[in-house]
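K.L.:
This is the structure, below, for whatever I ask next.
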There are 2 protein chains.
Amino acid sequence: VWIGDDAAVVAAPQHGSLLLAADAIVEGVHFDLDLVDVADVGWKAIAVNVSDIAAMGGRPLHALVTVVGASGSMIEGLVRGLAEASAAYECAVVGGDLSAGPCLVVSVSIIGTAAMHRAIQRGHALPGDHLFVTGPLGRSSAGLRALRAEARGAGAAPPELAAAYRRPLARLAEGSAASSSGATAMIDVSDGLGIDLDRLATASGVGVVLDSVPVAEGATPDDALGGGEDYELVFAAPDAGAVREAFAAAGLRAPVHIGTCVSDPETRRLGNAVLEASGWEHRLV
Amino acid sequence: VWIGDDAAVVAAPQHGSLLLAADAIVEGVHFDLDLVDVADVGWKAIAVNVSDIAAMGGRPLHALVTVVGASGSMIEGLVRGLAEASAAYECAVVGGDLSAGPCLVVSVSIIGTAAMHRAIQRGHALPGDHLFVTGPLGRSSAGLRALRAEARGAGAAPPELAAAYRRPLARLAEGSAASSSGATAMIDVSDGLGIDLDRLATASGVGVVLDSVPVAEGATPDDALGGGEDYELVFAAPDAGAVREAFAAAGLRAPVHIGTCVSDPETRRLGNAVLEASGWEHRLV
């Protein structure tokens, strides 16, 4: 997987900007090896960073991976998960580093590009924009709960929920469709819809009024609003018809219309209730 | 320091390749907070990665930083050290991530470029090439020893040695001069001259015969050969005169001629002795 030199040498993209994202995932903070396989950790470390690139409407090109605290037998599984995600997202792991350490830490940096379309940041939503989410929410949170119950001796976690937690998907095609349909702002749901939408609204200086939130099968409304780690994309766009057309043209499931942006920057509403900026920064602590 | 979005958006270099490097430094493995300040950790995390870019004859453009396990009071010092190195090497920290964790881990990825000159890899040295090192070796290792003695109650470590250990310098200008003078292979001395030169020779399929190794003031020959963390550059080049001219033209100290590459790929010689592939992967364990 690694290129054995001081640095990897890769071609610079001919057009467009570079997108740079980095996230570390930490044993006991972001994952628990009693609930996930070490290969899942490798997958997730890549997928959550690719999701950040997706949330800009970009595509990933290269990954750098530093691994701390992987024992000999863990490295093989970890590399397998990294390689699976690298293949799935066409994002070559071109370099990295392996160190001793007291717990497993996998830090990934992704170099991507926003070629063709511009990069969609989170701070340019406008009052009147429609808000969409690319899929129902809460499955990952429900999956974690089911896996914890399974570890305590309850029945096996439903495979779909377990997979949502263990092998989250980055919505690259959806991010690209949102971008081409005129999205003004976009973010991935990593920490929870409430908190991530609050970030988008705050950065944009708009308020948000939601009329509904799609709850995944097997999940609760609380999972959907505050569970996080679903890695669906939330975006604002002025032309709802253009959004639906772009997703249909790309062969994608239609995104779910959840509400609109309003001019009062303080407004956070879900139906008649206040939309709380709920969610976890770190789900296991 | 951070750009508050899913990913940072930066301009792609107009010419040349991208250079990508990543290294993590880990408390208790690569540093001991009894011997260094947390700001030194921030500096070093950037400098060791910039050194990898220097060893390709490139220059750094952007850095991504993930920090695990920094408590509130540590973060300020860490950010100060990161910012100082970022300014010194003109390498903007454009993104990253902060997580809880059981010990301090700072992982840095650098995006650089090899514009103008080609990237100098480690595997293209040829028999007959001259071997140079950009400065005397062993100061960092001697500095660590002096800091440990100081911590046990001996006299204060000599400031120059302590600084060599705490604030290593990346040799960007030297790497660039080596590149422009026709260097065929280059590596930075991170783990020790013996082991790093063995890597260059093995990757190139050549042997190496050294006639001398420059030992820094205050260091021992063992420090110079196996101490590591000096971050001087070792390179092979066919034309010794062109090398001296390029360094002089850039206003740099002349690099030290230490030997030559030979055709027998098994040869590792220092004077009449065997040059051992000595050095530490992790200096504190």
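All residue names refer to the structure tokens as shown: chains lettered A, B, ... in order, residues numbered from 1 in each chain, ligands numbered from 1 in order.
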Only residues of chain B matter here; which ones have an atom within 6 Å of chain A, counting only C-alpha atoms? Give them as an mmCIF file with all heavy atoms, in the first residue's frame.
P.N.:
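Dumped to selection19.cif:
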```
data_model
loop_
_atom_site.group_PDB
_atom_site.id
_atom_site.type_symbol
_atom_site.label_atom_id
_atom_site.label_comp_id
_atom_site.auth_asym_id
_atom_site.auth_seq_id
_atom_site.Cartn_x
_atom_site.Cartn_y
_atom_site.Cartn_z
ATOM 1 N N ASP B 6 -15.793 21.267 6.002
ATOM 2 C CA ASP B 6 -15.507 19.839 5.909
ATOM 3 C C ASP B 6 -14.096 19.613 5.383
ATOM 4 O O ASP B 6 -13.370 18.755 5.854
ATOM 5 C CB ASP B 6 -16.532 19.161 5.002
ATOM 6 C CG ASP B 6 -17.939 19.310 5.543
ATOM 7 O OD1 ASP B 6 -18.233 18.671 6.562
ATOM 8 O OD2 ASP B 6 -18.715 20.090 4.972
ATOM 9 N N ALA B 7 -13.718 20.395 4.406
ATOM 10 C CA ALA B 7 -12.379 20.289 3.830
ATOM 11 C C ALA B 7 -11.904 21.691 3.494
ATOM 12 O O ALA B 7 -12.698 22.593 3.260
ATOM 13 C CB ALA B 7 -12.408 19.422 2.568
ATOM 14 N N ALA B 8 -10.590 21.868 3.474
ATOM 15 C CA ALA B 8 -10.012 23.143 3.053
ATOM 16 C C ALA B 8 -9.954 23.171 1.525
ATOM 17 O O ALA B 8 -9.743 22.146 0.883
ATOM 18 C CB ALA B 8 -8.621 23.303 3.639
ATOM 19 N N VAL B 9 -10.155 24.344 0.982
ATOM 20 C CA VAL B 9 -10.089 24.534 -0.464
ATOM 21 C C VAL B 9 -8.854 25.376 -0.756
ATOM 22 O O VAL B 9 -8.756 26.506 -0.280
ATOM 23 C CB VAL B 9 -11.335 25.271 -0.988
ATOM 24 C CG1 VAL B 9 -11.305 25.362 -2.515
ATOM 25 C CG2 VAL B 9 -12.613 24.587 -0.509
ATOM 26 N N VAL B 10 -7.912 24.833 -1.489
ATOM 27 C CA VAL B 10 -6.685 25.566 -1.809
ATOM 28 C C VAL B 10 -6.415 25.441 -3.303
ATOM 29 O O VAL B 10 -6.908 24.517 -3.962
ATOM 30 C CB VAL B 10 -5.467 25.033 -1.007
ATOM 31 C CG1 VAL B 10 -5.709 25.149 0.496
ATOM 32 C CG2 VAL B 10 -5.121 23.611 -1.401
ATOM 33 N N ALA B 11 -5.640 26.369 -3.834
ATOM 34 C CA ALA B 11 -5.298 26.310 -5.257
ATOM 35 C C ALA B 11 -4.342 25.149 -5.506
ATOM 36 O O ALA B 11 -3.455 24.877 -4.707
ATOM 37 C CB ALA B 11 -4.651 27.621 -5.687
ATOM 38 N N ALA B 12 -4.550 24.440 -6.595
ATOM 39 C CA ALA B 12 -3.598 23.405 -6.998
ATOM 40 C C ALA B 12 -2.386 24.079 -7.628
ATOM 41 O O ALA B 12 -2.529 25.108 -8.290
ATOM 42 C CB ALA B 12 -4.250 22.453 -8.001
ATOM 43 N N SER B 17 4.688 18.260 -9.828
ATOM 44 C CA SER B 17 3.965 17.202 -9.145
ATOM 45 C C SER B 17 3.596 17.639 -7.741
ATOM 46 O O SER B 17 4.144 18.591 -7.201
ATOM 47 C CB SER B 17 4.863 15.970 -9.020
ATOM 48 O OG SER B 17 5.378 15.608 -10.271
ATOM 49 N N LEU B 18 2.657 16.899 -7.149
ATOM 50 C CA LEU B 18 2.394 17.033 -5.723
ATOM 51 C C LEU B 18 3.300 16.064 -4.967
ATOM 52 O O LEU B 18 3.523 14.931 -5.401
ATOM 53 C CB LEU B 18 0.938 16.672 -5.397
ATOM 54 C CG LEU B 18 -0.164 17.594 -5.875
ATOM 55 C CD1 LEU B 18 -1.515 17.033 -5.407
ATOM 56 C CD2 LEU B 18 0.035 19.007 -5.343
ATOM 57 N N LEU B 19 3.789 16.504 -3.828
ATOM 58 C CA LEU B 19 4.509 15.635 -2.901
ATOM 59 C C LEU B 19 3.650 15.486 -1.653
ATOM 60 O O LEU B 19 3.165 16.484 -1.110
ATOM 61 C CB LEU B 19 5.855 16.265 -2.522
ATOM 62 C CG LEU B 19 6.820 16.509 -3.675
ATOM 63 C CD1 LEU B 19 8.055 17.247 -3.174
ATOM 64 C CD2 LEU B 19 7.218 15.199 -4.329
ATOM 65 N N LEU B 20 3.466 14.253 -1.224
ATOM 66 C CA LEU B 20 2.583 13.979 -0.086
ATOM 67 C C LEU B 20 3.350 13.186 0.960
ATOM 68 O O LEU B 20 3.899 12.121 0.660
ATOM 69 C CB LEU B 20 1.365 13.180 -0.550
ATOM 70 C CG LEU B 20 0.563 13.773 -1.721
ATOM 71 C CD1 LEU B 20 -0.554 12.815 -2.137
ATOM 72 C CD2 LEU B 20 -0.002 15.133 -1.361
ATOM 73 N N ALA B 21 3.385 13.692 2.184
ATOM 74 C CA ALA B 21 4.097 13.010 3.271
ATOM 75 C C ALA B 21 3.276 13.071 4.541
ATOM 76 O O ALA B 21 2.561 14.046 4.780
ATOM 77 C CB ALA B 21 5.467 13.659 3.507
ATOM 78 N N ALA B 22 3.376 12.033 5.359
ATOM 79 C CA ALA B 22 2.648 12.008 6.636
ATOM 80 C C ALA B 22 3.449 11.263 7.682
ATOM 81 O O ALA B 22 4.048 10.227 7.389
ATOM 82 C CB ALA B 22 1.286 11.348 6.466
ATOM 83 N N ASP B 23 3.484 11.799 8.880
ATOM 84 C CA ASP B 23 4.141 11.164 10.017
ATOM 85 C C ASP B 23 3.400 11.562 11.278
ATOM 86 O O ASP B 23 2.984 12.712 11.417
ATOM 87 C CB ASP B 23 5.586 11.664 10.164
ATOM 88 C CG ASP B 23 6.596 10.708 9.575
ATOM 89 O OD1 ASP B 23 6.512 9.505 9.871
ATOM 90 O OD2 ASP B 23 7.455 11.175 8.819
ATOM 91 N N ASP B 52 10.738 15.602 5.157
ATOM 92 C CA ASP B 52 10.464 14.601 4.110
ATOM 93 C C ASP B 52 10.272 15.264 2.744
ATOM 94 O O ASP B 52 10.658 14.712 1.716
ATOM 95 C CB ASP B 52 9.210 13.788 4.466
ATOM 96 C CG ASP B 52 9.499 12.725 5.520
ATOM 97 O OD1 ASP B 52 10.614 12.172 5.513
ATOM 98 O OD2 ASP B 52 8.597 12.435 6.321
ATOM 99 N N GLY B 96 -7.739 20.188 10.000
ATOM 100 C CA GLY B 96 -7.370 19.175 10.955
ATOM 101 C C GLY B 96 -8.501 18.858 11.881
ATOM 102 O O GLY B 96 -9.662 19.141 11.587
ATOM 103 N N ASP B 97 -8.142 18.302 13.002
ATOM 104 C CA ASP B 97 -9.121 17.649 13.842
ATOM 105 C C ASP B 97 -8.510 17.455 15.228
ATOM 106 O O ASP B 97 -7.304 17.247 15.352
ATOM 107 C CB ASP B 97 -9.426 16.297 13.181
ATOM 108 C CG ASP B 97 -10.301 15.400 13.995
ATOM 109 O OD1 ASP B 97 -11.387 15.852 14.382
ATOM 110 O OD2 ASP B 97 -9.909 14.245 14.242
#
```
K.L.:
Pick out the residues sitting within 8 Å of Ala216 of chain B, and hand them over as number ranges by chain; count only C-alpha atoms, and ignore anything fewer than 5 positions along from it in its own chain.
P.N.:
B: 136-139, 224
K.L.:
Check which residues of segment 62-142 of chain B sit at most 6 Å from segment 226-241 of chain B using only C-alpha atoms, and return one row each with the closest pair of atoms and their distance in Å to one decimal, ordered by chain and rising number, as CSV.
P.N.:
```
residue,atom,partner,partner_atom,distance
B:Ala125,CA,B:Ala236,CA,5.9
B:Asp129,CA,B:Pro238,CA,4.4
B:His130,CA,B:Ala237,CA,5.3
B:Leu131,CA,B:Ala236,CA,4.6
B:Phe132,CA,B:Phe235,CA,5.4
B:Val133,CA,B:Val234,CA,4.4
B:Thr134,CA,B:Leu233,CA,5.5
B:Gly138,CA,B:Gly227,CA,5.7
B:Ser140,CA,B:Asp230,CA,5.6
B:Ser141,CA,B:Gly227,CA,5.0
```
K.L.:
Save the residues we just selected, N, CA, C and O atoms, as a PDB file, in the first residue's frame?
P.N.:
```pdb
ATOM      1  N   ALA B 125      20.326   6.414  -7.178  1.00  0.00           N
ATOM      2  CA  ALA B 125      21.780   6.634  -7.100  1.00  0.00           C
ATOM      3  C   ALA B 125      22.485   5.635  -8.022  1.00  0.00           C
ATOM      4  O   ALA B 125      22.010   4.506  -8.224  1.00  0.00           O
ATOM      5  N   ASP B 129      28.572   7.784  -8.125  1.00  0.00           N
ATOM      6  CA  ASP B 129      28.027   9.026  -7.539  1.00  0.00           C
ATOM      7  C   ASP B 129      28.742   9.352  -6.230  1.00  0.00           C
ATOM      8  O   ASP B 129      29.101   8.469  -5.451  1.00  0.00           O
ATOM      9  N   HIS B 130      28.916  10.629  -6.008  1.00  0.00           N
ATOM     10  CA  HIS B 130      29.465  11.100  -4.740  1.00  0.00           C
ATOM     11  C   HIS B 130      28.341  11.183  -3.708  1.00  0.00           C
ATOM     12  O   HIS B 130      27.200  11.505  -4.044  1.00  0.00           O
ATOM     13  N   LEU B 131      28.704  10.914  -2.451  1.00  0.00           N
ATOM     14  CA  LEU B 131      27.724  11.012  -1.350  1.00  0.00           C
ATOM     15  C   LEU B 131      28.051  12.225  -0.493  1.00  0.00           C
ATOM     16  O   LEU B 131      29.212  12.424  -0.098  1.00  0.00           O
ATOM     17  N   PHE B 132      27.031  13.002  -0.222  1.00  0.00           N
ATOM     18  CA  PHE B 132      27.178  14.205   0.605  1.00  0.00           C
ATOM     19  C   PHE B 132      26.179  14.180   1.748  1.00  0.00           C
ATOM     20  O   PHE B 132      25.085  13.617   1.619  1.00  0.00           O
ATOM     21  N   VAL B 133      26.551  14.851   2.831  1.00  0.00           N
ATOM     22  CA  VAL B 133      25.589  15.122   3.898  1.00  0.00           C
ATOM     23  C   VAL B 133      25.616  16.641   4.138  1.00  0.00           C
ATOM     24  O   VAL B 133      26.664  17.277   4.001  1.00  0.00           O
ATOM     25  N   THR B 134      24.452  17.198   4.432  1.00  0.00           N
ATOM     26  CA  THR B 134      24.361  18.664   4.482  1.00  0.00           C
ATOM     27  C   THR B 134      24.918  19.282   5.765  1.00  0.00           C
ATOM     28  O   THR B 134      24.999  20.509   5.867  1.00  0.00           O
ATOM     29  N   GLY B 138      24.647  13.997  14.805  1.00  0.00           N
ATOM     30  CA  GLY B 138      24.724  13.506  16.184  1.00  0.00           C
ATOM     31  C   GLY B 138      24.259  14.482  17.244  1.00  0.00           C
ATOM     32  O   GLY B 138      24.136  14.119  18.407  1.00  0.00           O
ATOM     33  N   SER B 140      21.347  15.918  17.777  1.00  0.00           N
ATOM     34  CA  SER B 140      20.042  15.637  18.389  1.00  0.00           C
ATOM     35  C   SER B 140      20.165  14.542  19.439  1.00  0.00           C
ATOM     36  O   SER B 140      19.630  14.644  20.547  1.00  0.00           O
ATOM     37  N   SER B 141      20.890  13.488  19.088  1.00  0.00           N
ATOM     38  CA  SER B 141      21.085  12.373  20.006  1.00  0.00           C
ATOM     39  C   SER B 141      21.850  12.823  21.259  1.00  0.00           C
ATOM     40  O   SER B 141      21.487  12.470  22.384  1.00  0.00           O
TER      41      SER B 141
END
```
K.L.:
Give the alpha helix (DSSP H) residues of segment 214-254 of chain A, as DSSP finds them on the backbone, and put them as an MDAnalysis selection string.
P.N.:
chainID A and resid 221:226 240:249
K.L.:
Which residues are near segment 71-79 of chain B? Cut-off 6 Å, only C-alpha atoms, ignore same chain within fewer than 2 positions. Put them as a VMD selection string.
P.N.:
chain B and resid 38 to 39 42 81 to 83
K.L.:
Mind checking DSSP for segment 124-251 of chain B and telling me the strand (DSSP E) residues as JSON, numbers by chain?
P.N.:
{"B": [130, 131, 132, 133, 185, 186, 187, 188, 207, 208, 209, 210, 233, 234, 235, 236, 237]}
K.L.:
Take atom CA of Ala142 of chain B and atom CA of Leu161 of chain B and report the distance between them in Å, one decimal.
P.N.:
6.5 Å
K.L.:
Looking at only C-alpha atoms, which of A:Ala201, A:Ala170, A:Leu35, A:Ala277 is the one that sits closest to Glu150 of chain A?
P.N.:
A:Leu35
K.L.:
Skipping near chain neighbours, those fewer than 5 positions away, what residues fall within 9 Å of Ala246 of chain A using only C-alpha atoms, listed as a PDB file with N, CA and C atoms, in the first residue's frame?
P.N.:
```pdb
ATOM      1  N   ALA A 177     -23.937  15.469  -7.434  1.00  0.00           N
ATOM      2  CA  ALA A 177     -25.249  15.852  -7.989  1.00  0.00           C
ATOM      3  C   ALA A 177     -25.756  17.127  -7.317  1.00  0.00           C
ATOM      4  N   ALA A 178     -25.579  17.229  -6.019  1.00  0.00           N
ATOM      5  CA  ALA A 178     -26.008  18.440  -5.310  1.00  0.00           C
ATOM      6  C   ALA A 178     -25.255  19.650  -5.842  1.00  0.00           C
ATOM      7  N   SER A 180     -23.855  20.047  -8.807  1.00  0.00           N
ATOM      8  CA  SER A 180     -24.230  20.408 -10.179  1.00  0.00           C
ATOM      9  C   SER A 180     -25.649  20.970 -10.247  1.00  0.00           C
ATOM     10  N   SER A 181     -26.452  20.746  -9.211  1.00  0.00           N
ATOM     11  CA  SER A 181     -27.815  21.276  -9.219  1.00  0.00           C
ATOM     12  C   SER A 181     -27.902  22.633  -8.517  1.00  0.00           C
ATOM     13  N   GLY A 241     -36.590  21.795  -8.042  1.00  0.00           N
ATOM     14  CA  GLY A 241     -36.771  20.998  -9.252  1.00  0.00           C
ATOM     15  C   GLY A 241     -35.435  20.609  -9.871  1.00  0.00           C
ATOM     16  N   GLY A 251     -29.046   8.832 -11.660  1.00  0.00           N
ATOM     17  CA  GLY A 251     -29.500   7.508 -11.228  1.00  0.00           C
ATOM     18  C   GLY A 251     -29.509   7.343  -9.719  1.00  0.00           C
ATOM     19  N   LEU A 252     -29.654   8.439  -9.014  1.00  0.00           N
ATOM     20  CA  LEU A 252     -29.613   8.397  -7.545  1.00  0.00           C
ATOM     21  C   LEU A 252     -31.014   8.497  -6.962  1.00  0.00           C
TER      22      LEU A 252
END
```
K.L.:
Between atom CA of Leu197 of chain A and atom CA of Ala70 of chain B, measure the distance and give it in Å to one decimal.
P.N.:
27.3 Å
K.L.:
Between atom CA of Ala146 of chain A and atom CA of Pro168 of chain A, what distance in Å does the model show, to one decimal?
P.N.:
15.7 Å
K.L.:
Show me, as a PyMOL selection string, the residues that have an atom within 7 Å of Asp40 of chain B when counting only C-alpha atoms, minus same-chain residues fewer than 3 positions from it.
P.N.:
chain B and resi 36-37+43-44+81+166-167
